[in-house]
>>> print(open('protein_36.csv').read())   # CSV, C-alpha atoms (C1' of nucleotides)
chain,number,residue,atom,x,y,z
A,1,MET,CA,42.3,47.8,-86.3
A,2,ARG,CA,40.5,46.4,-83.3
A,3,ASP,CA,37.7,48.4,-81.8
A,4,ASP,CA,39.4,48.1,-78.5
A,5,THR,CA,42.5,49.7,-79.8
A,6,ARG,CA,40.5,52.5,-81.3
A,7,ARG,CA,38.8,53.2,-78.0
A,8,ASN,CA,42.1,53.5,-76.2
A,9,MET,CA,43.7,55.8,-78.7
A,10,PRO,CA,44.7,59.1,-77.1
A,11,LEU,CA,42.9,61.8,-79.0
A,12,PHE,CA,41.2,64.4,-76.9
A,13,SER,CA,42.7,67.5,-75.3
A,14,MET,CA,41.5,68.9,-72.0
A,15,GLY,CA,39.4,71.5,-73.8
A,16,THR,CA,37.7,68.9,-75.9
A,17,VAL,CA,37.0,66.7,-72.9
A,18,GLN,CA,35.6,69.7,-71.1
A,19,LYS,CA,33.1,70.3,-73.9
A,20,LEU,CA,32.3,66.6,-74.2
A,21,THR,CA,31.7,66.0,-70.5
A,22,GLU,CA,30.9,69.4,-69.2
A,23,LEU,CA,33.2,68.7,-66.4
A,24,THR,CA,35.7,71.4,-65.4
A,25,PRO,CA,39.4,70.8,-66.0
A,26,ARG,CA,39.7,71.0,-62.2
A,27,GLN,CA,37.4,68.0,-61.8
A,28,VAL,CA,39.0,66.0,-64.5
A,29,ARG,CA,42.4,66.4,-63.0
A,30,TYR,CA,41.1,65.6,-59.6
A,31,TYR,CA,39.6,62.4,-60.8
A,32,GLU,CA,42.9,61.5,-62.4
A,33,GLN,CA,44.6,62.0,-59.1
A,34,GLN,CA,42.1,59.7,-57.5
A,35,GLY,CA,43.1,57.0,-60.0
A,36,LEU,CA,39.8,57.0,-61.8
A,37,ILE,CA,41.3,57.7,-65.2
A,38,ARG,CA,44.8,57.6,-66.6
A,39,PRO,CA,45.0,59.7,-69.7
A,40,ALA,CA,48.2,59.6,-71.9
A,41,ARG,CA,50.5,62.5,-72.1
A,42,THR,CA,52.1,64.4,-75.0
A,43,ASN,CA,55.8,65.2,-75.1
A,44,GLY,CA,54.8,68.6,-73.7
A,45,ASN,CA,53.0,66.9,-70.7
A,46,GLN,CA,49.6,67.7,-72.1
A,47,ARG,CA,46.9,65.2,-71.3
A,48,LEU,CA,45.5,63.2,-74.2
A,49,PHE,CA,42.2,61.4,-73.4
A,50,SER,CA,40.8,58.4,-75.2
A,51,PHE,CA,37.2,57.4,-75.8
A,52,ASN,CA,37.5,55.1,-72.8
A,53,ASP,CA,38.7,58.0,-70.7
A,54,VAL,CA,35.8,60.2,-71.7
A,55,ASP,CA,33.4,57.3,-71.3
A,56,ARG,CA,34.6,56.8,-67.8
A,57,LEU,CA,34.4,60.5,-67.0
A,58,LEU,CA,30.8,60.5,-68.2
A,59,HIS,CA,30.1,57.5,-66.0
A,60,ILE,CA,31.8,59.2,-63.1
A,61,LYS,CA,29.7,62.3,-63.7
A,62,ASN,CA,26.5,60.3,-63.8
A,63,LEU,CA,27.3,58.6,-60.5
A,64,MET,CA,28.3,61.8,-58.8
A,65,GLU,CA,25.0,63.4,-59.8
A,66,LYS,CA,23.3,60.5,-58.2
A,67,GLY,CA,25.1,61.4,-55.0
A,68,VAL,CA,27.8,58.8,-55.1
A,69,ASN,CA,31.1,60.0,-53.6
A,70,ILE,CA,34.5,59.4,-55.0
A,71,ALA,CA,35.0,56.3,-52.9
A,72,GLY,CA,31.8,54.8,-54.2
A,73,VAL,CA,32.8,55.6,-57.8
A,74,LYS,CA,36.1,54.0,-57.3
A,75,GLU,CA,34.6,50.7,-56.2
A,76,MET,CA,32.2,50.6,-59.1
A,77,LEU,CA,34.9,51.4,-61.6
A,78,GLN,CA,37.2,48.8,-60.1
A,79,LYS,CA,34.5,46.1,-60.4
A,80,GLU,CA,34.0,47.0,-64.1
A,81,GLU,CA,37.7,46.7,-64.7
A,82,GLN,CA,37.8,43.2,-63.2
A,83,LYS,CA,35.0,42.3,-65.5
A,84,GLU,CA,36.8,43.7,-68.5
A,85,GLY,CA,39.9,41.7,-67.6
A,86,VAL,CA,37.9,38.4,-67.7
A,87,VAL,CA,36.2,39.3,-71.0
A,88,THR,CA,39.5,40.3,-72.6
A,89,GLU,CA,40.8,36.8,-72.4
A,90,ALA,CA,37.7,35.4,-74.2
A,91,THR,CA,37.6,38.1,-76.8
A,92,PRO,CA,37.2,36.2,-80.1
A,93,PRO,CA,38.9,37.2,-83.3
A,94,GLN,CA,36.9,39.7,-85.3
A,95,THR,CA,36.0,39.6,-88.9
A,96,VAL,CA,36.0,43.3,-89.2
A,97,LYS,CA,36.7,44.8,-92.6
A,98,LYS,CA,36.4,48.4,-91.6
A,99,PRO,CA,38.5,50.6,-93.9
A,100,GLU,CA,41.7,51.6,-92.2
A,101,ILE,CA,41.6,55.2,-91.1
A,102,SER,CA,44.7,57.1,-90.5
A,103,GLU,CA,45.1,58.9,-87.2
A,104,ALA,CA,45.1,62.2,-89.0
A,105,GLU,CA,41.8,61.4,-90.7
A,106,LEU,CA,40.3,60.3,-87.4
A,107,HIS,CA,41.3,63.6,-85.9
A,108,LYS,CA,39.6,65.5,-88.7
A,109,LEU,CA,36.5,63.5,-88.4
A,110,LEU,CA,36.3,64.0,-84.7
A,111,LYS,CA,37.0,67.7,-85.0
A,112,ARG,CA,34.1,68.0,-87.4
A,113,GLN,CA,31.7,66.1,-85.3
A,114,LEU,CA,32.7,67.9,-82.1
A,115,SER,CA,32.1,71.2,-83.9
A,116,GLU,CA,28.6,70.1,-84.5
A,117,LEU,CA,28.2,69.2,-80.9
A,118,SER,CA,29.4,72.6,-79.6
A,119,ALA,CA,27.2,74.2,-82.2
A,120,ARG,CA,24.1,73.5,-80.1
A,121,PRO,CA,25.2,74.4,-76.6
A,122,ASN,CA,21.8,74.4,-75.0
A,123,GLN,CA,21.0,70.8,-75.5
A,124,SER,CA,21.9,68.3,-72.8
A,125,HIS,CA,25.3,66.9,-73.2
A,126,LEU,CA,26.4,63.4,-74.0
A,127,LEU,CA,25.1,60.5,-72.2
A,128,ARG,CA,27.3,57.6,-71.1
A,129,GLY,CA,27.7,55.3,-74.1
A,130,GLU,CA,26.6,57.8,-76.6
A,131,LEU,CA,30.2,58.2,-77.6
A,132,SER,CA,30.0,54.9,-79.4
A,133,ARG,CA,28.2,56.6,-82.2
A,134,PHE,CA,31.5,58.0,-83.3
A,135,PHE,CA,32.7,54.5,-84.2
A,136,HIS,CA,30.0,54.0,-86.8
B,1,DG,C1',45.9,80.8,-76.8
B,2,DT,C1',45.7,76.4,-74.0
B,3,DT,C1',47.2,73.4,-70.4
B,4,DC,C1',50.2,72.1,-66.5
B,5,DT,C1',51.4,72.2,-61.5
B,6,DT,C1',51.1,74.0,-57.0
B,7,DA,C1',48.9,76.4,-53.5
B,8,DC,C1',45.4,78.9,-51.0
B,9,DA,C1',40.4,81.4,-50.2
C,1,DT,C1',35.8,72.9,-56.1
C,2,DG,C1',37.2,77.5,-57.8
C,3,DT,C1',40.8,80.4,-58.9
C,4,DA,C1',45.5,82.6,-59.1
C,5,DA,C1',50.5,82.4,-60.3
C,6,DG,C1',54.2,81.2,-63.1
C,7,DA,C1',56.0,78.0,-66.6
C,8,DA,C1',55.7,75.2,-70.9
>>> encode(input="protein_36.csv", output="structure tokens")
Amino acid sequence: MRDDTRRNMPLFSMGTVQKLTELTPRQVRYYEQQGLIRPARTNGNQRLFSFNDVDRLLHIKNLMEKGVNIAGVKEMLQKEEQKEGVVTEATPPQTVKKPEISEAELHKLLKRQLSELSARPNQSHLLRGELSRFFH
DNA sequence: GTTCTTACA
DNA sequence: TGTAAGAA
């Protein structure tokens, strides 16, 4: 399974994202309205966020804390998307031999690690890019 | 019990 | 942005 595929896999509920990013559901939904993220939906219309979504949210949060407004955040994110588009074409075949993990197992793994995260509420939350540690 | 949408202080 | 109402 490609790393890219894994990063775009819809896995997180609103509650999980809230803990991961420390953003309120209100803010997360607002950012979605602004087109900053596009989480998938369950049959019951529940949002399902991917690693990419969470990463973007963390990015957005960092920018906002620096005083960048929504408009500014949009521009920066758009530029990154353009960059990704170019890179995607040149993405070389990977020689990955990572053991295949079922979606169910991934869920278990994530749930466990997220529990550890919420176990220490005082510490500062995730930094942008830190999410990548879940892939190792 | 959690999340969704819509609407208003 | 926060919060309330009503539905899923």
>>> closest_atom_pairs(input="protein_36.csv", of="chain A", to="chain C", cutoff="9 Å", atoms="all atoms listed in the file", output="JSON lines")
{"residue": "A:Arg26", "atom": "CA", "partner": "C:DT1", "partner_atom": "C1'", "distance": 7.5}
{"residue": "A:Gln27", "atom": "CA", "partner": "C:DT1", "partner_atom": "C1'", "distance": 7.7}
{"residue": "A:Gly44", "atom": "CA", "partner": "C:DA8", "partner_atom": "C1'", "distance": 7.2}
{"residue": "A:Asn45", "atom": "CA", "partner": "C:DA8", "partner_atom": "C1'", "distance": 8.7}
>>> interface_residues(input="protein_36.csv", of="chain A", to="chain B", cutoff="12 Å", atoms="only C-alpha atoms (C1' of nucleotides)", output="PyMOL selection string")
chain A and resi 13-16+25-26+29+41-42+44-48
>>> atom_distance(input="protein_36.csv", atom1="CA of Glu80 (chain A)", atom2="CA of Leu58 (chain A)")
14.5 Å
>>> atom_distance(input="protein_36.csv", atom1="CA of Lys74 (chain A)", atom2="CA of Leu36 (chain A)")
6.6 Å
>>> atom_distance(input="protein_36.csv", atom1="CA of Met9 (chain A)", atom2="CA of Ile60 (chain A)")
19.9 Å
>>> closest_residue(input="protein_36.csv", among="A:Thr24, A:Asn69, A:Asn43, A:Asn8", to="Asp55 (chain A)", atoms="only C-alpha atoms")
A:Asn8
>>> closest_residue(input="protein_36.csv", among="A:Gln18, A:Glu32, A:Asn52, A:Ala40", to="Thr5 (chain A)", atoms="all atoms listed in the file")
A:Asn52
